[in-house]
$ cat target_24.cif   # mmCIF, C-alpha atoms
data_target
#
loop_
_atom_site.group_PDB
_atom_site.id
_atom_site.type_symbol
_atom_site.label_atom_id
_atom_site.label_comp_id
_atom_site.auth_asym_id
_atom_site.auth_seq_id
_atom_site.Cartn_x
_atom_site.Cartn_y
_atom_site.Cartn_z
ATOM 1 C CA MET Q 1 89.452 102.736 95.089
ATOM 2 C CA HIS Q 2 90.014 102.360 98.831
ATOM 3 C CA MET Q 3 93.460 100.944 99.531
ATOM 4 C CA GLY Q 4 95.645 101.173 102.579
ATOM 5 C CA THR Q 5 99.410 101.067 103.014
ATOM 6 C CA ILE Q 6 100.636 97.500 102.552
ATOM 7 C CA PHE Q 7 103.676 96.028 104.313
ATOM 8 C CA THR Q 8 104.345 92.700 102.596
ATOM 9 C CA ASN Q 9 106.221 90.030 104.523
ATOM 10 C CA TYR Q 10 106.266 92.211 107.621
ATOM 11 C CA PRO Q 11 106.496 90.585 109.990
ATOM 12 C CA GLU Q 12 107.915 87.593 108.138
ATOM 13 C CA GLY Q 13 105.207 85.485 106.539
ATOM 14 C CA ARG Q 14 102.529 88.084 107.192
ATOM 15 C CA ILE Q 15 100.915 91.112 105.514
ATOM 16 C CA THR Q 16 100.300 94.199 107.615
ATOM 17 C CA THR Q 17 97.893 96.826 106.301
ATOM 18 C CA GLN Q 18 97.376 100.316 107.684
ATOM 19 C CA GLU Q 19 94.250 102.061 106.480
ATOM 20 C CA MET Q 20 92.187 105.109 107.314
ATOM 21 C CA LEU Q 21 88.434 104.926 107.558
ATOM 22 C CA TYR Q 22 87.445 108.413 108.669
ATOM 23 C CA PRO Q 23 88.039 109.516 111.302
ATOM 24 C CA TYR Q 24 90.056 106.589 112.614
ATOM 25 C CA ARG Q 25 93.064 104.604 111.488
ATOM 26 C CA TYR Q 26 93.172 100.814 111.555
ATOM 27 C CA MET Q 27 95.886 98.180 111.311
ATOM 28 C CA THR Q 28 95.276 94.599 110.232
ATOM 29 C CA ASP Q 29 97.433 91.493 110.023
ATOM 30 C CA GLU Q 30 96.943 88.432 107.834
ATOM 31 C CA PRO Q 31 98.950 85.471 106.467
ATOM 32 C CA LEU Q 32 101.059 86.017 103.349
ATOM 33 C CA GLU Q 33 99.210 83.500 101.199
ATOM 34 C CA LYS Q 34 100.688 81.819 98.157
ATOM 35 C CA GLN Q 35 99.045 82.982 94.940
ATOM 36 C CA ASN Q 36 98.551 80.118 92.495
ATOM 37 C CA TRP Q 37 99.403 81.749 89.181
ATOM 38 C CA LYS Q 38 98.745 80.001 85.884
ATOM 39 C CA LEU Q 39 101.004 81.240 83.092
ATOM 40 C CA THR Q 40 99.230 82.244 79.875
ATOM 41 C CA ASP Q 41 100.380 82.990 76.322
ATOM 42 C CA ALA Q 42 99.690 86.729 76.093
ATOM 43 C CA GLN Q 43 102.621 89.131 75.872
ATOM 44 C CA ASP Q 44 102.860 92.902 75.932
ATOM 45 C CA THR Q 45 105.257 95.766 76.518
ATOM 46 C CA ILE Q 46 104.456 97.742 79.665
ATOM 47 C CA CYS Q 47 106.505 100.808 80.533
ATOM 48 C CA ASP Q 48 109.123 99.659 77.964
ATOM 49 C CA TYR Q 49 109.434 96.257 79.652
ATOM 50 C CA ALA Q 50 108.689 93.075 77.715
ATOM 51 C CA SER Q 51 106.035 91.382 79.832
ATOM 52 C CA LEU Q 52 104.636 87.875 80.066
ATOM 53 C CA SER Q 53 101.181 87.064 81.426
ATOM 54 C CA ALA Q 54 99.504 85.025 84.143
ATOM 55 C CA ILE Q 55 96.143 84.625 85.835
ATOM 56 C CA ALA Q 56 95.113 83.771 89.400
ATOM 57 C CA LYS Q 57 92.245 84.123 91.826
ATOM 58 C CA TYR Q 58 93.018 86.035 95.004
ATOM 59 C CA HIS Q 59 90.675 87.063 97.814
ATOM 60 C CA GLY Q 60 87.576 86.572 95.703
ATOM 61 C CA LEU Q 61 88.652 88.304 92.487
ATOM 62 C CA THR Q 62 90.401 86.851 89.429
ATOM 63 C CA TRP Q 63 93.393 88.845 88.202
ATOM 64 C CA ASN Q 64 95.023 88.953 84.762
ATOM 65 C CA VAL Q 65 98.541 90.283 85.118
ATOM 66 C CA TYR Q 66 101.643 91.026 83.112
ATOM 67 C CA TYR Q 67 105.076 90.674 84.663
ATOM 68 C CA THR Q 68 108.626 91.261 83.510
ATOM 69 C CA GLU Q 69 111.603 89.042 84.247
ATOM 70 C CA ASP Q 70 113.857 92.030 83.470
ATOM 71 C CA VAL Q 71 113.098 93.249 87.012
ATOM 72 C CA PRO Q 72 113.738 90.192 89.222
ATOM 73 C CA ALA Q 73 111.471 91.286 92.069
ATOM 74 C CA SER Q 74 108.637 88.929 92.984
ATOM 75 C CA ILE Q 75 106.292 91.756 93.904
ATOM 76 C CA GLY Q 76 103.503 93.832 92.438
ATOM 77 C CA PRO Q 77 100.800 96.352 93.261
ATOM 78 C CA TRP Q 78 98.591 96.029 96.323
ATOM 79 C CA LYS Q 79 98.988 92.472 97.717
ATOM 80 C CA LEU Q 80 99.709 90.824 94.378
ATOM 81 C CA GLY Q 81 103.023 89.030 93.870
ATOM 82 C CA GLY Q 82 104.748 85.688 93.709
ATOM 83 C CA LEU Q 83 105.710 85.660 90.024
ATOM 84 C CA PRO Q 84 109.285 85.402 88.663
ATOM 85 C CA GLY Q 85 109.440 89.130 88.033
ATOM 86 C CA LEU Q 86 107.825 92.473 88.775
ATOM 87 C CA ILE Q 87 104.115 92.755 87.944
ATOM 88 C CA THR Q 88 103.816 95.587 85.432
ATOM 89 C CA LYS Q 89 100.047 95.522 84.968
ATOM 90 C CA ALA Q 90 97.137 93.895 86.783
ATOM 91 C CA THR Q 91 93.443 93.960 85.901
ATOM 92 C CA ASP Q 92 90.602 92.067 87.515
ATOM 93 C CA THR Q 93 88.416 90.102 85.110
ATOM 94 C CA GLN Q 94 85.428 92.352 85.826
ATOM 95 C CA GLY Q 95 87.404 95.309 84.464
ATOM 96 C CA ILE Q 96 86.848 97.387 87.595
ATOM 97 C CA HIS Q 97 90.395 97.618 88.972
ATOM 98 C CA THR Q 98 93.591 98.183 86.997
ATOM 99 C CA PHE Q 99 97.151 98.814 88.176
ATOM 100 C CA THR Q 100 99.753 99.852 85.583
ATOM 101 C CA LEU Q 101 103.470 100.544 85.978
ATOM 102 C CA TYR Q 102 104.375 103.984 84.641
ATOM 103 C CA GLY Q 103 107.926 104.322 85.945
ATOM 104 C CA PHE Q 104 110.303 104.123 88.871
ATOM 105 C CA HIS Q 105 111.186 106.725 91.455
ATOM 106 C CA GLN Q 106 114.221 106.662 93.740
ATOM 107 C CA GLU Q 107 112.797 107.413 97.161
ATOM 108 C CA GLU Q 108 115.341 108.997 99.494
ATOM 109 C CA THR Q 109 113.113 108.979 102.570
ATOM 110 C CA PRO Q 110 113.355 105.648 104.410
ATOM 111 C CA ILE Q 111 110.160 103.611 104.717
ATOM 112 C CA LEU Q 112 109.422 103.297 108.404
ATOM 113 C CA PHE Q 113 106.855 101.116 110.094
ATOM 114 C CA THR Q 114 105.158 102.666 113.099
ATOM 115 C CA GLN Q 115 101.999 101.763 114.951
ATOM 116 C CA TYR Q 116 100.942 105.387 115.300
ATOM 117 C CA VAL Q 117 100.840 108.729 113.465
ATOM 118 C CA ASN Q 118 101.439 112.245 114.708
ATOM 119 C CA TRP Q 119 99.189 115.088 113.674
ATOM 120 C CA ILE Q 120 99.339 118.761 114.497
ATOM 121 C CA VAL Q 121 96.447 120.299 116.428
ATOM 122 C CA PRO Q 122 95.885 123.627 118.209
ATOM 123 C CA ASP Q 123 96.925 123.555 121.849
ATOM 124 C CA GLY Q 124 94.290 126.135 122.879
ATOM 125 C CA ARG Q 125 96.924 128.791 123.586
ATOM 126 C CA GLY Q 126 97.443 130.084 120.068
ATOM 127 C CA LYS Q 127 100.066 127.493 119.183
ATOM 128 C CA PHE Q 128 100.127 124.027 117.712
ATOM 129 C CA ALA Q 129 101.287 120.760 119.220
ATOM 130 C CA ALA Q 130 101.855 117.198 117.990
ATOM 131 C CA GLN Q 131 99.316 114.638 119.079
ATOM 132 C CA ARG Q 132 99.981 110.912 118.858
ATOM 133 C CA VAL Q 133 97.222 108.682 117.511
ATOM 134 C CA ASP Q 134 97.652 104.909 117.586
ATOM 135 C CA TYR Q 135 96.322 102.612 114.904
ATOM 136 C CA GLN Q 136 93.450 100.474 116.141
ATOM 137 C CA LYS Q 137 94.288 96.799 115.640
ATOM 138 C CA MET Q 138 91.560 94.697 114.047
ATOM 139 C CA LYS Q 139 91.389 91.272 112.430
ATOM 140 C CA ALA Q 140 91.620 91.574 108.655
ATOM 141 C CA SER Q 141 88.324 89.726 108.094
ATOM 142 C CA LYS Q 142 86.522 91.898 110.630
ATOM 143 C CA PHE Q 143 87.866 95.129 109.130
ATOM 144 C CA LEU Q 144 86.890 93.991 105.619
ATOM 145 C CA ALA Q 145 83.312 93.399 106.809
ATOM 146 C CA TYR Q 146 83.235 96.722 108.668
ATOM 147 C CA LYS Q 147 84.554 98.658 105.671
ATOM 148 C CA LYS Q 148 81.987 97.036 103.380
ATOM 149 C CA LYS Q 149 79.195 97.867 105.833
ATOM 150 C CA VAL Q 150 80.239 101.522 105.976
ATOM 151 C CA LEU Q 151 81.206 102.212 102.351
ATOM 152 C CA ASP Q 152 78.511 100.058 100.749
ATOM 153 C CA ASN Q 153 75.742 101.991 102.487
ATOM 154 C CA PRO Q 154 73.782 104.202 100.011
ATOM 155 C CA ARG Q 155 74.154 107.129 102.409
ATOM 156 C CA TYR Q 156 77.931 107.126 101.817
ATOM 157 C CA LEU Q 157 77.534 108.607 98.308
ATOM 158 C CA LYS Q 158 75.638 111.600 99.668
ATOM 159 C CA ASN Q 159 77.504 112.062 102.918
ATOM 160 C CA PRO Q 160 80.804 110.128 103.212
ATOM 161 C CA THR Q 161 81.007 110.851 106.944
ATOM 162 C CA TYR Q 162 77.431 109.822 107.740
ATOM 163 C CA TYR Q 163 78.498 107.127 110.199
ATOM 164 C CA ALA Q 164 80.997 109.167 112.213
ATOM 165 C CA ALA Q 165 80.569 111.470 115.151
ATOM 166 C CA ASP Q 166 80.482 115.206 114.518
ATOM 167 C CA PRO Q 167 84.141 116.154 113.837
ATOM 168 C CA MET Q 168 83.989 119.296 115.938
ATOM 169 C CA LYS Q 169 82.690 117.321 118.906
ATOM 170 C CA ALA Q 170 85.162 114.491 118.334
ATOM 171 C CA PHE Q 171 88.270 116.562 117.676
ATOM 172 C CA GLY Q 172 87.432 120.222 118.238
ATOM 173 C CA TYR Q 173 89.377 121.143 115.115
ATOM 174 C CA VAL Q 174 88.365 121.172 111.462
ATOM 175 C CA GLU Q 175 90.537 122.760 108.774
ATOM 176 C CA ASN Q 176 89.231 124.223 105.520
ATOM 177 C CA SER Q 177 91.584 124.969 102.631
ATOM 178 C CA PHE Q 178 91.742 124.867 98.831
ATOM 179 C CA ASN Q 179 93.523 122.468 96.504
ATOM 180 C CA SER Q 180 95.344 123.351 93.258
ATOM 181 C CA SER Q 181 92.044 123.272 91.348
ATOM 182 C CA GLY Q 182 90.442 125.772 93.675
ATOM 183 C CA ASP Q 183 88.123 123.233 95.266
ATOM 184 C CA ASN Q 184 87.371 123.491 98.956
ATOM 185 C CA VAL Q 185 89.108 120.763 100.957
ATOM 186 C CA ARG Q 186 88.011 119.900 104.481
ATOM 187 C CA SER Q 187 90.181 117.894 106.824
ATOM 188 C CA VAL Q 188 89.862 116.674 110.385
ATOM 189 C CA ALA Q 189 93.045 116.098 112.366
ATOM 190 C CA GLY Q 190 95.050 115.663 109.184
ATOM 191 C CA VAL Q 191 92.525 113.358 107.486
ATOM 192 C CA VAL Q 192 91.158 114.773 104.239
ATOM 193 C CA LEU Q 193 87.428 114.193 103.936
ATOM 194 C CA ILE Q 194 86.143 112.792 100.653
ATOM 195 C CA SER Q 195 83.789 115.348 99.140
ATOM 196 C CA ASN Q 196 82.649 113.474 96.003
ATOM 197 C CA PRO Q 197 82.804 109.745 96.779
ATOM 198 C CA HIS Q 198 82.252 107.063 94.171
ATOM 199 C CA LYS Q 199 80.472 103.769 94.591
ATOM 200 C CA TYR Q 200 82.531 101.380 96.671
ATOM 201 C CA GLN Q 201 84.231 98.715 94.577
ATOM 202 C CA PRO Q 202 86.200 96.429 96.925
ATOM 203 C CA LEU Q 203 89.582 95.040 95.960
ATOM 204 C CA GLU Q 204 88.879 91.890 97.920
ATOM 205 C CA LEU Q 205 85.661 90.038 98.553
ATOM 206 C CA LYS Q 206 86.923 87.749 101.285
#
$ encode --input "target_24.cif" --output "structure tokens"
Amino acid sequence: MHMGTIFTNYPEGRITTQEMLYPYRYMTDEPLEKQNWKLTDAQDTICDYASLSAIAKYHGLTWNVYYTEDVPASIGPWKLGGLPGLITKATDTQGIHTFTLYGFHQEETPILFTQYVNWIVPDGRGKFAAQRVDYQKMKASKFLAYKKKVLDNPRYLKNPTYYAADPMKAFGYVENSFNSSGDNVRSVAGVVLISNPHKYQPLELK
């Protein structure tokens, strides 16, 4: 699943998404559209919360969701929301995407919105320095088409960076390390490269 960082109702009445598509970072803006939910009869208990059900079509996919009125927050995973309670589970009718609530975590670090990121790169003198990289602004519809073009290409499964310039030529710095499983992890300027990509299954079709 390819999903960026979603800022709902920021600015007011809009959705701002920040997403990385190696080796660049993009920022899109779109209207906060009303989702026309139809309540259904199914009920379930998700993460110990009694949950009611609803269905709606959003951005080309139809979603079956459960929500709980015990948490009076009209939000959910990804861009889903607008029900009289927190969405505890969401599944598209094709059975490809599923979001499930497993618990809550009290985050002490404030959520900040910035239009750039800082990464650490060698300064050429044996030390490291912070380098600012701005998000590239793009219309949401244009970015969706660009992402589909890149990730839907058969070459992506064999070489997920097929479309990008050589990282050493572009950045002059590539880091190799190992994760907890002992697998080799390669990153460019703080962006971890996908080594075993799966077929692209978009969350939105339009």
$ atom_distance --input "target_24.cif" --atom1 "atom CA of Q:Ala130" --atom2 "atom CA of Q:Asn118"
6.0 Å
$ atom_distance --input "target_24.cif" --atom1 "atom CA of Q:Arg14" --atom2 "atom CA of Q:Lys149"
25.3 Å
$ residues_near_point --input "target_24.cif" --point "(80.5, 106.0, 113.5)" --cutoff "10 Å" --atoms "all atoms listed in the file" --output "VMD selection string"
chain Q and resid 21 to 24 150 161 to 166
$ closest_residue --input "target_24.cif" --among "Q:Met20, Q:Cys47, Q:Ala90, Q:Leu83" --to "Q:Gly103" --atoms "all atoms listed in the file"
Q:Cys47
$ residues_around --input "target_24.cif" --residues "Q:Thr68" --least-positions-apart "2" --cutoff "10 Å" --atoms "all atoms listed in the file" --output "list of chain:residue names"
Q:Gln43, Q:Asp44, Q:Thr45, Q:Ile46, Q:Tyr49, Q:Ala50, Q:Ser51, Q:Leu52, Q:Ser53, Q:Tyr66, Q:Asp70, Q:Val71, Q:Pro72, Q:Ala73, Q:Ser74, Q:Leu83, Q:Pro84, Q:Gly85, Q:Leu86, Q:Ile87, Q:Thr88, Q:Lys89
$ closest_residue --input "target_24.cif" --among "Q:Trp37, Q:Trp78, Q:Tyr10, Q:Tyr102" --to "Q:Thr62" --atoms "all atoms listed in the file"
Q:Trp37
$ residues_around --input "target_24.cif" --residues "Q:Asp134" --least-positions-apart "3" --cutoff "8 Å" --atoms "only C-alpha atoms" --output "PyMOL selection string"
chain Q and resi 25+115-117
$ resolve_selection --input "target_24.cif" --expression "the PyMOL selection byres ((chain Q and resi 205) around 6)" --output "short mmCIF file (atom, residue, chain, number, x, y, z; two decimals) with C-alpha atoms, in the coordinates of the input"
data_model
loop_
_atom_site.label_atom_id
_atom_site.label_comp_id
_atom_site.auth_asym_id
_atom_site.auth_seq_id
_atom_site.Cartn_x
_atom_site.Cartn_y
_atom_site.Cartn_z
CA HIS Q 59 90.68 87.06 97.81
CA GLY Q 60 87.58 86.57 95.70
CA GLU Q 204 88.88 91.89 97.92
CA LYS Q 206 86.92 87.75 101.28
#
$ residues_around --input "target_24.cif" --residues "Q:Lys137" --least-positions-apart "3" --cutoff "7 Å" --atoms "all atoms listed in the file" --output "JSON, numbers by chain"
{"Q": [26, 27, 28]}
$ closest_residue --input "target_24.cif" --among "Q:Ile75, Q:Val133, Q:Leu39, Q:Met3" --to "Q:Thr114" --atoms "only C-alpha atoms"
Q:Val133
$ atom_distance --input "target_24.cif" --atom1 "atom CA of Q:Thr16" --atom2 "atom CA of Q:Tyr135"
11.8 Å
$ resolve_selection --input "target_24.cif" --expression "the PyMOL selection byres ((chain Q and resi 197-201) around 12)" --output "number ranges by chain"
Q: 1-3, 61, 92, 94-97, 147-161, 193-196, 202-205
$ closest_residue --input "target_24.cif" --among "Q:Ala145, Q:Ala56, Q:Leu80, Q:Ile6" --to "Q:Phe99" --atoms "only C-alpha atoms"
Q:Leu80
$ closest_residue --input "target_24.cif" --among "Q:Asn36, Q:Thr93, Q:Phe7, Q:Glu19" --to "Q:Met138" --atoms "only C-alpha atoms"
Q:Glu19
